[in-house]
>>> print(open('upload.pdb').read())   # PDB, C-alpha atoms
MODEL        1
ATOM      1  CA  MET A   1       0.246 -14.736 -27.202
ATOM      2  CA  PRO A   2       3.790 -13.395 -27.162
ATOM      3  CA  GLY A   3       5.681 -13.617 -23.874
ATOM      4  CA  TRP A   4       5.436 -10.650 -21.581
ATOM      5  CA  GLY A   5       8.906  -9.497 -20.752
ATOM      6  CA  LEU A   6      10.472  -6.735 -18.776
ATOM      7  CA  GLU A   7       9.608  -4.061 -21.338
ATOM      8  CA  GLU A   8       5.904  -4.762 -21.183
ATOM      9  CA  ARG A   9       5.983  -4.756 -17.416
ATOM     10  CA  ILE A  10       7.920  -1.499 -17.286
ATOM     11  CA  GLY A  11       5.334  -0.061 -19.671
ATOM     12  CA  ILE A  12       2.576  -0.989 -17.269
ATOM     13  CA  ALA A  13       4.527   0.359 -14.317
ATOM     14  CA  THR A  14       4.834   3.640 -16.241
ATOM     15  CA  LEU A  15       1.076   3.664 -16.751
ATOM     16  CA  PHE A  16       0.593   3.401 -13.017
ATOM     17  CA  ASP A  17       3.099   6.182 -12.452
ATOM     18  CA  ASP A  18       1.078   8.371 -14.802
ATOM     19  CA  ILE A  19      -2.090   7.529 -12.896
ATOM     20  CA  ARG A  20      -0.480   8.631  -9.662
ATOM     21  CA  VAL A  21       0.778  11.847 -11.247
ATOM     22  CA  SER A  22      -2.703  12.594 -12.571
ATOM     23  CA  GLN A  23      -4.248  11.909  -9.196
ATOM     24  CA  ALA A  24      -1.717  14.105  -7.424
ATOM     25  CA  ALA A  25      -2.407  16.861  -9.963
ATOM     26  CA  ARG A  26      -6.142  16.380  -9.373
ATOM     27  CA  ARG A  27      -6.850  15.411 -12.958
ATOM     28  CA  PRO A  28      -9.340  12.618 -12.267
ATOM     29  CA  ARG A  29     -10.503  12.274 -15.867
ATOM     30  CA  MET A  30      -6.994  11.595 -17.089
ATOM     31  CA  ALA A  31      -6.402   9.218 -14.184
ATOM     32  CA  ARG A  32      -9.556   7.306 -15.067
ATOM     33  CA  MET A  33      -8.565   6.969 -18.717
ATOM     34  CA  LEU A  34      -5.114   5.714 -17.789
ATOM     35  CA  ALA A  35      -6.609   3.353 -15.228
ATOM     36  CA  GLN A  36      -8.851   1.809 -17.859
ATOM     37  CA  GLY A  37      -5.820   1.004 -19.988
ATOM     38  CA  ALA A  38      -3.932  -0.277 -16.997
ATOM     39  CA  VAL A  39      -6.772  -2.614 -16.051
ATOM     40  CA  ILE A  40      -6.582  -4.355 -19.389
ATOM     41  CA  ALA A  41      -2.801  -4.461 -19.552
ATOM     42  CA  SER A  42      -2.456  -5.762 -16.008
ATOM     43  CA  ALA A  43      -4.994  -8.475 -16.512
ATOM     44  CA  LEU A  44      -3.150  -9.620 -19.611
ATOM     45  CA  VAL A  45       0.109  -9.774 -17.702
ATOM     46  CA  LEU A  46      -1.510 -11.710 -14.877
ATOM     47  CA  GLN A  47      -2.895 -14.151 -17.431
ATOM     48  CA  GLN A  48       0.565 -14.715 -18.767
ATOM     49  CA  VAL A  49       2.122 -14.943 -15.314
ATOM     50  CA  SER A  50      -0.339 -17.640 -14.384
ATOM     51  CA  ALA A  51      -0.296 -19.394 -17.748
ATOM     52  CA  ASP A  52       1.683 -22.302 -16.366
ATOM     53  CA  ALA A  53      -0.443 -22.596 -13.256
ATOM     54  CA  THR A  54      -3.903 -24.012 -12.970
ATOM     55  CA  ILE A  55      -5.531 -20.617 -12.834
ATOM     56  CA  PRO A  56      -8.122 -20.126 -15.568
ATOM     57  CA  ARG A  57      -7.769 -17.352 -18.081
ATOM     58  CA  ILE A  58      -9.104 -13.972 -17.151
ATOM     59  CA  ASP A  59     -12.191 -12.714 -18.965
ATOM     60  CA  LEU A  60     -12.262  -9.009 -18.402
ATOM     61  CA  ALA A  61     -15.577  -7.682 -17.290
ATOM     62  CA  PRO A  62     -16.445  -4.343 -18.863
ATOM     63  CA  VAL A  63     -15.172  -1.446 -16.808
ATOM     64  CA  THR A  64     -18.047   0.900 -16.181
ATOM     65  CA  SER A  65     -17.710   4.570 -15.503
ATOM     66  CA  SER A  66     -18.488   3.986 -11.831
ATOM     67  CA  ASP A  67     -15.714   1.375 -11.671
ATOM     68  CA  GLU A  68     -13.287   3.831 -13.182
ATOM     69  CA  SER A  69     -14.070   6.562 -10.728
ATOM     70  CA  ALA A  70     -13.492   4.144  -7.884
ATOM     71  CA  VAL A  71     -10.008   3.152  -9.034
ATOM     72  CA  VAL A  72      -7.689   4.653  -6.473
ATOM     73  CA  CYS A  73      -4.119   3.525  -6.080
ATOM     74  CA  SER A  74      -4.347   3.680  -2.331
ATOM     75  CA  SER A  75      -0.762   2.777  -1.779
ATOM     76  CA  PRO A  76       2.181   2.112  -4.046
ATOM     77  CA  GLY A  77       2.769  -1.423  -5.179
ATOM     78  CA  ASP A  78      -0.669  -2.904  -5.151
ATOM     79  CA  GLU A  79      -2.068  -1.565  -8.387
ATOM     80  CA  MET A  80      -2.404  -4.818 -10.261
ATOM     81  CA  PHE A  81      -4.380  -6.486  -7.508
ATOM     82  CA  GLU A  82      -6.442  -3.358  -6.917
ATOM     83  CA  LEU A  83      -7.378  -3.167 -10.551
ATOM     84  CA  LEU A  84      -8.048  -6.864 -10.812
ATOM     85  CA  ALA A  85     -10.367  -6.507  -7.824
ATOM     86  CA  ARG A  86     -12.513  -4.274  -9.995
ATOM     87  CA  ALA A  87     -12.022  -5.827 -13.407
ATOM     88  CA  ASN A  88     -12.394  -9.467 -12.414
ATOM     89  CA  PRO A  89     -12.896  -9.892  -8.667
ATOM     90  CA  ALA A  90     -13.703 -13.604  -8.838
ATOM     91  CA  GLU A  91     -10.306 -14.176 -10.414
ATOM     92  CA  LEU A  92      -8.621 -12.301  -7.586
ATOM     93  CA  LEU A  93     -10.255 -14.608  -5.045
ATOM     94  CA  THR A  94      -9.099 -17.567  -7.137
ATOM     95  CA  LEU A  95      -5.558 -16.228  -6.921
ATOM     96  CA  LEU A  96      -5.936 -15.866  -3.149
ATOM     97  CA  ARG A  97      -6.999 -19.469  -2.777
ATOM     98  CA  GLY A  98      -4.700 -20.907  -5.422
ATOM     99  CA  GLY A  99      -1.442 -20.943  -3.518
ATOM    100  CA  ASP A 100       0.524 -19.598  -6.484
ATOM    101  CA  LEU A 101       1.211 -16.136  -5.090
ATOM    102  CA  SER A 102       4.387 -15.277  -3.231
ATOM    103  CA  LEU A 103       3.940 -14.549   0.481
ATOM    104  CA  ALA A 104       4.187 -10.781  -0.014
ATOM    105  CA  ASN A 105       1.798 -10.824  -2.962
ATOM    106  CA  LEU A 106      -0.630 -12.910  -0.943
ATOM    107  CA  SER A 107      -0.665 -10.163   1.654
ATOM    108  CA  PHE A 108      -1.177  -7.392  -0.918
ATOM    109  CA  ALA A 109      -3.814  -9.384  -2.814
ATOM    110  CA  ALA A 110      -5.713  -9.973   0.435
ATOM    111  CA  GLU A 111      -5.785  -6.234   1.028
ATOM    112  CA  ALA A 112      -7.066  -5.588  -2.493
ATOM    113  CA  ALA A 113      -9.752  -8.263  -2.134
ATOM    114  CA  GLY A 114     -11.610  -5.938   0.177
ATOM    115  CA  ARG A 115     -12.373  -3.746  -2.800
ATOM    116  CA  ALA A 116     -13.681  -6.582  -4.937
ATOM    117  CA  ARG A 117     -17.187  -6.069  -6.264
ATOM    118  CA  LEU A 118     -18.511  -9.234  -4.681
ATOM    119  CA  PRO A 119     -20.845 -10.028  -1.783
ATOM    120  CA  PRO A 120     -19.050  -9.384   1.533
ATOM    121  CA  ALA A 121     -19.744 -12.943   2.663
ATOM    122  CA  GLU A 122     -17.814 -14.280  -0.311
ATOM    123  CA  ILE A 123     -14.863 -12.015   0.396
ATOM    124  CA  CYS A 124     -14.921 -12.899   4.102
ATOM    125  CA  ALA A 125     -14.877 -16.577   3.183
ATOM    126  CA  ALA A 126     -11.777 -16.053   1.060
ATOM    127  CA  LEU A 127     -10.002 -13.952   3.701
ATOM    128  CA  THR A 128     -10.857 -15.970   6.808
ATOM    129  CA  PRO A 129      -8.241 -18.719   6.221
ATOM    130  CA  LEU A 130      -5.594 -16.016   5.851
ATOM    131  CA  LEU A 131      -6.376 -14.754   9.356
ATOM    132  CA  HIS A 132      -4.802 -17.993  10.573
ATOM    133  CA  HIS A 133      -1.741 -17.798   8.347
ATOM    134  CA  PRO A 134       1.531 -18.234  10.262
ATOM    135  CA  LYS A 135       2.931 -14.999   8.826
ATOM    136  CA  GLY A 136       1.741 -11.907  10.652
ATOM    137  CA  TYR A 137       2.039  -9.645   7.600
ATOM    138  CA  ILE A 138      -0.342 -11.894   5.692
ATOM    139  CA  ARG A 139      -2.865 -11.782   8.519
ATOM    140  CA  GLU A 140      -2.386  -8.007   8.467
ATOM    141  CA  GLY A 141      -3.127  -7.897   4.732
ATOM    142  CA  ALA A 142      -6.343  -9.834   5.328
ATOM    143  CA  LEU A 143      -7.314  -7.278   7.981
ATOM    144  CA  TYR A 144      -6.937  -4.440   5.478
ATOM    145  CA  GLY A 145      -9.155  -6.414   3.132
ATOM    146  CA  LEU A 146     -11.824  -6.898   5.797
ATOM    147  CA  ALA A 147     -11.550  -3.228   6.684
ATOM    148  CA  GLN A 148     -13.060  -2.292   3.336
ATOM    149  CA  LEU A 149     -16.238  -4.262   4.000
ATOM    150  CA  ASP A 150     -19.211  -2.687   5.655
ATOM    151  CA  ASP A 151     -20.291  -6.001   7.065
ATOM    152  CA  VAL A 152     -21.137  -7.520  10.439
ATOM    153  CA  GLN A 153     -19.178 -10.701   9.820
ATOM    154  CA  ALA A 154     -16.085  -8.722   8.818
ATOM    155  CA  ARG A 155     -16.279  -6.680  12.017
ATOM    156  CA  ARG A 156     -16.706  -9.845  14.051
ATOM    157  CA  LEU A 157     -13.581 -11.299  12.471
ATOM    158  CA  LEU A 158     -11.681  -8.067  13.117
ATOM    159  CA  GLY A 159     -12.797  -8.202  16.742
ATOM    160  CA  GLU A 160     -11.560 -11.762  17.108
ATOM    161  CA  VAL A 161      -8.147 -10.840  15.725
ATOM    162  CA  ALA A 162      -7.982  -7.737  17.930
ATOM    163  CA  ALA A 163      -8.549  -9.947  20.962
ATOM    164  CA  THR A 164      -6.595 -13.066  20.171
ATOM    165  CA  ASP A 165      -3.825 -12.653  17.591
ATOM    166  CA  VAL A 166      -0.388 -13.642  18.870
ATOM    167  CA  ASP A 167       1.303 -10.646  17.230
ATOM    168  CA  GLU A 168       0.821  -7.327  19.004
ATOM    169  CA  ASP A 169       1.211  -5.391  15.744
ATOM    170  CA  VAL A 170      -1.539  -7.425  14.093
ATOM    171  CA  ARG A 171      -3.800  -6.986  17.105
ATOM    172  CA  GLN A 172      -3.170  -3.245  17.079
ATOM    173  CA  VAL A 173      -3.980  -2.959  13.372
ATOM    174  CA  ALA A 174      -7.295  -4.706  13.990
ATOM    175  CA  VAL A 175      -8.058  -2.388  16.917
ATOM    176  CA  GLU A 176      -7.298   0.711  14.831
ATOM    177  CA  ILE A 177      -9.493  -0.490  11.980
ATOM    178  CA  LEU A 178     -12.371  -1.091  14.361
ATOM    179  CA  GLU A 179     -11.894   2.397  15.818
ATOM    180  CA  ALA A 180     -11.880   4.081  12.408
TER     181      ALA A 180
ATOM    182  CA  MET B   1      13.427   6.541   5.471
ATOM    183  CA  ARG B   2      11.047   4.246   3.664
ATOM    184  CA  VAL B   3       7.391   3.928   4.518
ATOM    185  CA  LEU B   4       6.371   0.286   4.687
ATOM    186  CA  ARG B   5       2.986  -1.114   3.820
ATOM    187  CA  ARG B   6       3.025  -3.613   6.631
ATOM    188  CA  ARG B   7       3.413  -3.047  10.340
ATOM    189  CA  SER B   8       3.941  -6.661  11.350
ATOM    190  CA  LEU B   9       7.455  -7.808  10.529
ATOM    191  CA  ALA B  10       7.943 -10.266  13.393
ATOM    192  CA  ASP B  11       7.563 -13.385  11.240
ATOM    193  CA  ILE B  12       9.970 -12.342   8.514
ATOM    194  CA  GLU B  13      12.733 -14.904   8.397
ATOM    195  CA  THR B  14      14.669 -14.411   5.188
ATOM    196  CA  PRO B  15      16.199 -11.489   3.292
ATOM    197  CA  GLN B  16      14.020 -12.337   0.272
ATOM    198  CA  GLU B  17      10.891 -12.103   2.388
ATOM    199  CA  LEU B  18      11.947  -8.748   3.806
ATOM    200  CA  ALA B  19      12.853  -7.444   0.353
ATOM    201  CA  ASP B  20       9.421  -8.447  -0.968
ATOM    202  CA  ILE B  21       7.736  -6.461   1.802
ATOM    203  CA  CYS B  22      10.092  -3.475   1.689
ATOM    204  CA  PHE B  23      10.219  -3.197  -2.084
ATOM    205  CA  PRO B  24       6.998  -4.621  -3.519
ATOM    206  CA  ALA B  25       6.663  -4.981  -7.267
ATOM    207  CA  ARG B  26       4.868  -2.243  -9.135
ATOM    208  CA  GLY B  27       2.691  -3.047 -12.077
ATOM    209  CA  GLY B  28       4.056  -6.564 -12.206
ATOM    210  CA  ALA B  29       7.698  -5.539 -12.431
ATOM    211  CA  PRO B  30      10.341  -5.323  -9.698
ATOM    212  CA  ASP B  31      10.563  -1.802  -8.339
ATOM    213  CA  LEU B  32      14.266  -1.134  -8.699
ATOM    214  CA  SER B  33      13.909   2.553  -7.836
ATOM    215  CA  PRO B  34      11.820   2.516  -4.669
ATOM    216  CA  SER B  35      10.766   5.787  -3.095
ATOM    217  CA  LEU B  36      12.541   7.055   0.000
ATOM    218  CA  TYR B  37      12.485  10.253   2.008
ATOM    219  CA  GLU B  38      15.738  11.828   3.159
ATOM    220  CA  VAL B  39      14.585  13.369   6.413
ATOM    221  CA  SER B  40      15.903  13.817   9.931
ATOM    222  CA  SER B  41      14.598  11.690  12.751
ATOM    223  CA  GLU B  42      12.639  14.743  13.958
ATOM    224  CA  GLN B  43      10.839  14.871  10.596
ATOM    225  CA  ARG B  44       9.722  11.234  10.567
ATOM    226  CA  ILE B  45       6.192  11.920  11.793
ATOM    227  CA  GLN B  46       5.745  14.780   9.342
ATOM    228  CA  ALA B  47       7.066  12.771   6.401
ATOM    229  CA  SER B  48       5.070   9.661   7.228
ATOM    230  CA  THR B  49       1.881  11.656   7.757
ATOM    231  CA  GLU B  50       2.309  13.623   4.535
ATOM    232  CA  HIS B  51       2.985  10.421   2.633
ATOM    233  CA  ALA B  52      -0.069   8.663   4.027
ATOM    234  CA  ALA B  53      -2.304  11.686   3.568
ATOM    235  CA  SER B  54      -1.231  12.131  -0.048
ATOM    236  CA  PHE B  55      -1.938   8.568  -1.001
ATOM    237  CA  LEU B  56      -5.240   8.630   0.884
ATOM    238  CA  ARG B  57      -4.846   5.341   2.597
ATOM    239  CA  ASP B  58      -8.171   4.533   4.118
ATOM    240  CA  PRO B  59      -8.773   3.305   6.751
ATOM    241  CA  VAL B  60      -6.042   5.157   8.540
ATOM    242  CA  THR B  61      -3.788   2.970  10.616
ATOM    243  CA  SER B  62      -0.370   3.367  12.150
ATOM    244  CA  THR B  63       2.572   3.048   9.803
ATOM    245  CA  ARG B  64       5.907   1.332  10.145
ATOM    246  CA  VAL B  65       8.905   3.126   8.702
ATOM    247  CA  VAL B  66      12.398   1.826   8.208
ATOM    248  CA  ASP B  67      15.609   3.792   8.566
ATOM    249  CA  LEU B  68      17.929   2.968   5.680
ATOM    250  CA  ALA B  69      20.597   5.548   6.510
ATOM    251  CA  ASP B  70      24.244   4.486   6.172
ATOM    252  CA  PHE B  71      23.517   1.361   4.177
ATOM    253  CA  SER B  72      25.593   2.884   1.384
ATOM    254  CA  PHE B  73      23.467   2.274  -1.676
ATOM    255  CA  PRO B  74      23.078   4.865  -4.412
ATOM    256  CA  ILE B  75      20.105   7.205  -4.409
ATOM    257  CA  ARG B  76      18.959   9.969  -6.715
ATOM    258  CA  ARG B  77      16.933  13.095  -6.062
ATOM    259  CA  THR B  78      13.509  13.069  -7.645
ATOM    260  CA  LEU B  79      10.460  15.203  -7.065
ATOM    261  CA  GLY B  80       7.991  13.548  -4.720
ATOM    262  CA  ARG B  81       4.340  13.271  -5.660
ATOM    263  CA  THR B  82       2.809  14.241  -2.379
ATOM    264  CA  GLN B  83       0.899  17.478  -1.875
ATOM    265  CA  PHE B  84       3.453  18.748   0.623
ATOM    266  CA  LEU B  85       6.705  20.615   0.176
ATOM    267  CA  LEU B  86       8.830  18.552   2.565
ATOM    268  CA  THR B  87       8.013  15.179   1.064
ATOM    269  CA  ARG B  88       8.216  16.541  -2.462
ATOM    270  CA  SER B  89      11.686  17.989  -1.908
ATOM    271  CA  ALA B  90      13.004  15.217   0.367
ATOM    272  CA  HIS B  91      11.918  12.484  -2.017
ATOM    273  CA  ARG B  92      14.636  10.173  -3.278
ATOM    274  CA  GLU B  93      14.775   6.970  -5.230
ATOM    275  CA  GLY B  94      17.057   4.118  -4.335
ATOM    276  CA  ILE B  95      18.992   2.801  -7.305
ATOM    277  CA  PHE B  96      19.238  -0.983  -7.480
ATOM    278  CA  ALA B  97      20.778  -2.870 -10.370
ATOM    279  CA  ASP B  98      18.567  -5.878  -9.829
ATOM    280  CA  VAL B  99      16.446  -7.724  -7.300
ATOM    281  CA  GLU B 100      19.536  -9.415  -5.879
ATOM    282  CA  ALA B 101      20.858  -6.007  -4.805
ATOM    283  CA  GLN B 102      17.631  -5.399  -2.911
ATOM    284  CA  VAL B 103      17.819  -8.810  -1.265
ATOM    285  CA  ASP B 104      21.395  -8.055  -0.265
ATOM    286  CA  LEU B 105      20.305  -4.816   1.396
ATOM    287  CA  ALA B 106      17.406  -6.620   3.052
ATOM    288  CA  GLY B 107      19.842  -9.181   4.442
ATOM    289  CA  ARG B 108      21.862  -6.461   6.116
ATOM    290  CA  LEU B 109      18.684  -4.769   7.323
ATOM    291  CA  LEU B 110      17.249  -7.983   8.735
ATOM    292  CA  ALA B 111      20.100  -8.230  11.222
ATOM    293  CA  GLN B 112      19.212  -4.786  12.618
ATOM    294  CA  LEU B 113      15.461  -4.803  12.090
ATOM    295  CA  PRO B 114      14.316  -3.903  15.628
ATOM    296  CA  GLU B 115      16.615  -0.884  15.798
ATOM    297  CA  ARG B 116      15.944   0.221  12.247
ATOM    298  CA  THR B 117      12.172   0.268  12.232
ATOM    299  CA  SER B 118       9.629   2.249  14.172
ATOM    300  CA  VAL B 119       5.905   2.819  14.140
ATOM    301  CA  ILE B 120       4.365   6.217  13.526
ATOM    302  CA  THR B 121       1.084   5.855  15.331
ATOM    303  CA  LYS B 122      -2.256   7.040  14.078
ATOM    304  CA  GLU B 123      -2.424   9.300  17.129
ATOM    305  CA  GLU B 124       0.905  10.914  16.254
ATOM    306  CA  SER B 125      -0.304  11.582  12.721
ATOM    307  CA  ARG B 126      -3.626  12.943  13.950
ATOM    308  CA  GLU B 127      -1.891  15.226  16.423
ATOM    309  CA  TYR B 128       0.487  16.459  13.726
ATOM    310  CA  ILE B 129      -2.391  17.271  11.343
ATOM    311  CA  ARG B 130      -4.364  18.916  14.134
ATOM    312  CA  LYS B 131      -1.427  21.221  14.903
ATOM    313  CA  ARG B 132      -0.900  22.135  11.262
ATOM    314  CA  LEU B 133      -4.556  22.973  10.822
ATOM    315  CA  ALA B 134      -4.552  24.960  14.057
ATOM    316  CA  VAL B 135      -1.798  27.236  12.754
ATOM    317  CA  GLY B 136      -3.545  27.626   9.400
ATOM    318  CA  ASP B 137      -1.027  25.692   7.308
ATOM    319  CA  ASP B 138      -2.099  26.240   3.688
ATOM    320  CA  GLU B 139      -0.918  22.810   2.530
ATOM    321  CA  TRP B 140      -3.070  21.046   5.094
ATOM    322  CA  LYS B 141      -5.996  23.382   4.513
ATOM    323  CA  ASP B 142      -5.867  22.465   0.820
ATOM    324  CA  TRP B 143      -5.674  18.780   1.729
ATOM    325  CA  LEU B 144      -8.656  19.117   4.034
ATOM    326  CA  GLU B 145     -10.752  20.823   1.349
ATOM    327  CA  VAL B 146     -10.755  17.830  -0.961
ATOM    328  CA  LEU B 147     -11.279  15.114   1.645
ATOM    329  CA  THR B 148     -14.171  12.831   0.856
ATOM    330  CA  GLU B 149     -17.010  13.083   3.339
ATOM    331  CA  GLY B 150     -17.148  10.000   5.509
ATOM    332  CA  SER B 151     -13.652   8.777   4.602
ATOM    333  CA  GLY B 152     -11.350   7.410   7.263
ATOM    334  CA  TRP B 153      -9.233  10.541   7.161
ATOM    335  CA  SER B 154     -12.297  12.711   7.464
ATOM    336  CA  LYS B 155     -13.463  10.832  10.550
ATOM    337  CA  LEU B 156      -9.976  10.987  12.036
ATOM    338  CA  ILE B 157      -9.824  14.743  11.684
ATOM    339  CA  GLN B 158     -13.334  15.220  13.035
ATOM    340  CA  ARG B 159     -12.269  13.405  16.188
ATOM    341  CA  SER B 160      -9.317  15.745  16.667
TER     342      SER B 160
ENDMDL
END
>>> encode(input="upload.pdb", output="structure tokens")
Amino acid sequence: MPGWGLEERIGIATLFDDIRVSQAARRPRMARMLAQGAVIASALVLQQVSADATIPRIDLAPVTSSDESAVVCSSPGDEMFELLARANPAELLTLLRGGDLSLANLSFAAEAAGRARLPPAEICAALTPLLHHPKGYIREGALYGLAQLDDVQARRLLGEVAATDVDEDVRQVAVEILEA
Amino acid sequence: MRVLRRRSLADIETPQELADICFPARGGAPDLSPSLYEVSSEQRIQASTEHAASFLRDPVTSTRVVDLADFSFPIRRTLGRTQFLLTRSAHREGIFADVEAQVDLAGRLLAQLPERTSVITKEESREYIRKRLAVGDDEWKDWLEVLTEGSGWSKLIQRS
């Protein structure tokens, strides 16, 4: 496979821009089509990024129409993890556990993990260690991941963080999620 | 002003770390033209709320924003992609030659972080939306029309 350089990455970033424009213009069909292309392109880039690490290659699961309609770029910057959460959620959890992500990406990947199409218990298991990470913004990312789960264990974990985290901002995030 | 995706910044120790949080990569590439809003301090709540509402972040939580005024880096005017006039017209993009330029800015910001950042609370956003809806603001009425039933935003507004 040829190396993925800046041009390919800019191309993908442009795809995501187009998705956002389509969403803002309320053209969901166009957004879904672009998202499907972005899923494949992003996964290929992630494969290449992790080619030197011990992460296995990504086998893209077929993107169903219901997956497509659920693709929402909820906030700028997290598109690749969001899309991976839908295209190959097990691989996203592998990335979370692998220790190869930068600190910021670990936080954003944890948030995206909440949208993975996996049993909540499996996602909770992957996110729980991050709730004890020394960096508050990584614990915060794990909270946003747990927030997506309609699950008793996730709410219990959120409650624990709301009561005990050393960082007031992290505690407050957990409280607000529980109130939502 | 830049809207951050993380509220907790207390454990950030290095300029690189702050740059990674302030200017996350997009689509696998460094974002060398990050979005900003050129607004007055009185418009912070409006801009932050419009931004969050347009990108439908759910669940709704408070948002940390950072004031990047007077850091003397180039910006350009671009049309924002929100559903609201202020944040469409006040949208800017920072222009950075490379990641190092962002880290340099983050280094200067890190020294002033407590004074330069603030939290727009969920309650402030809810109150702002409630007021706009109460006066029949067409932009917010349009926004309300397409809210998904049961979404975090929907619940927030119902509690207003």
>>> atom_distance(input="upload.pdb", atom1="atom CA of A:Ile138", atom2="atom CA of A:Leu106")
6.7 Å
>>> resolve_selection(input="upload.pdb", expression="the PyMOL selection byres ((chain B) within 8 of (chain A))", output="short mmCIF file (atom, residue, chain, number, x, y, z; two decimals) with C-alpha atoms, in the coordinates of the input")
data_model
loop_
_atom_site.label_atom_id
_atom_site.label_comp_id
_atom_site.auth_asym_id
_atom_site.auth_seq_id
_atom_site.Cartn_x
_atom_site.Cartn_y
_atom_site.Cartn_z
CA ARG B 5 2.99 -1.11 3.82
CA ARG B 6 3.02 -3.61 6.63
CA ARG B 7 3.41 -3.05 10.34
CA SER B 8 3.94 -6.66 11.35
CA LEU B 9 7.46 -7.81 10.53
CA ALA B 10 7.94 -10.27 13.39
CA ASP B 11 7.56 -13.38 11.24
CA ILE B 12 9.97 -12.34 8.51
CA GLU B 17 10.89 -12.10 2.39
CA ASP B 20 9.42 -8.45 -0.97
CA ILE B 21 7.74 -6.46 1.80
CA PRO B 24 7.00 -4.62 -3.52
CA ALA B 25 6.66 -4.98 -7.27
CA ARG B 26 4.87 -2.24 -9.14
CA GLY B 27 2.69 -3.05 -12.08
CA GLY B 28 4.06 -6.56 -12.21
CA ALA B 29 7.70 -5.54 -12.43
CA SER B 54 -1.23 12.13 -0.05
CA PHE B 55 -1.94 8.57 -1.00
CA LEU B 56 -5.24 8.63 0.88
CA ARG B 57 -4.85 5.34 2.60
CA ASP B 58 -8.17 4.53 4.12
CA PRO B 59 -8.77 3.30 6.75
CA VAL B 60 -6.04 5.16 8.54
CA THR B 61 -3.79 2.97 10.62
CA SER B 62 -0.37 3.37 12.15
CA ARG B 81 4.34 13.27 -5.66
CA THR B 82 2.81 14.24 -2.38
CA GLN B 83 0.90 17.48 -1.88
CA GLY B 152 -11.35 7.41 7.26
CA LYS B 155 -13.46 10.83 10.55
CA LEU B 156 -9.98 10.99 12.04
#
>>> closest_atom_pairs(input="upload.pdb", of="stretch 122-178 of chain A", to="stretch 110-118 of chain A", cutoff="7 Å", atoms="all atoms listed in the file", output="JSON lines")
{"residue": "A:Glu122", "atom": "CA", "partner": "A:Leu118", "partner_atom": "CA", "distance": 6.7}
{"residue": "A:Ile123", "atom": "CA", "partner": "A:Ala113", "partner_atom": "CA", "distance": 6.8}
{"residue": "A:Leu127", "atom": "CA", "partner": "A:Ala110", "partner_atom": "CA", "distance": 6.7}
{"residue": "A:Gly141", "atom": "CA", "partner": "A:Glu111", "partner_atom": "CA", "distance": 4.9}
{"residue": "A:Ala142", "atom": "CA", "partner": "A:Ala110", "partner_atom": "CA", "distance": 4.9}
{"residue": "A:Tyr144", "atom": "CA", "partner": "A:Glu111", "partner_atom": "CA", "distance": 4.9}
{"residue": "A:Gly145", "atom": "CA", "partner": "A:Gly114", "partner_atom": "CA", "distance": 3.9}
{"residue": "A:Leu146", "atom": "CA", "partner": "A:Gly114", "partner_atom": "CA", "distance": 5.7}
{"residue": "A:Gln148", "atom": "CA", "partner": "A:Gly114", "partner_atom": "CA", "distance": 5.0}
{"residue": "A:Leu149", "atom": "CA", "partner": "A:Gly114", "partner_atom": "CA", "distance": 6.2}
>>> resolve_selection(input="upload.pdb", expression="the PyMOL selection byres ((chain A and resi 157) around 10)", output="ChimeraX atom specification")
/A:124,127-128,131,143,146,152-156,158-163,174
>>> atom_distance(input="upload.pdb", atom1="atom CA of B:Thr78", atom2="atom CA of B:Ser35")
9.0 Å
>>> atom_distance(input="upload.pdb", atom1="atom CA of B:Tyr37", atom2="atom CA of B:His91")
4.6 Å
>>> resolve_selection(input="upload.pdb", expression="the PyMOL selection byres ((chain B and resi 13-16) around 6)", output="PyMOL selection string")
chain B and resi 12+17-19+103+106-107
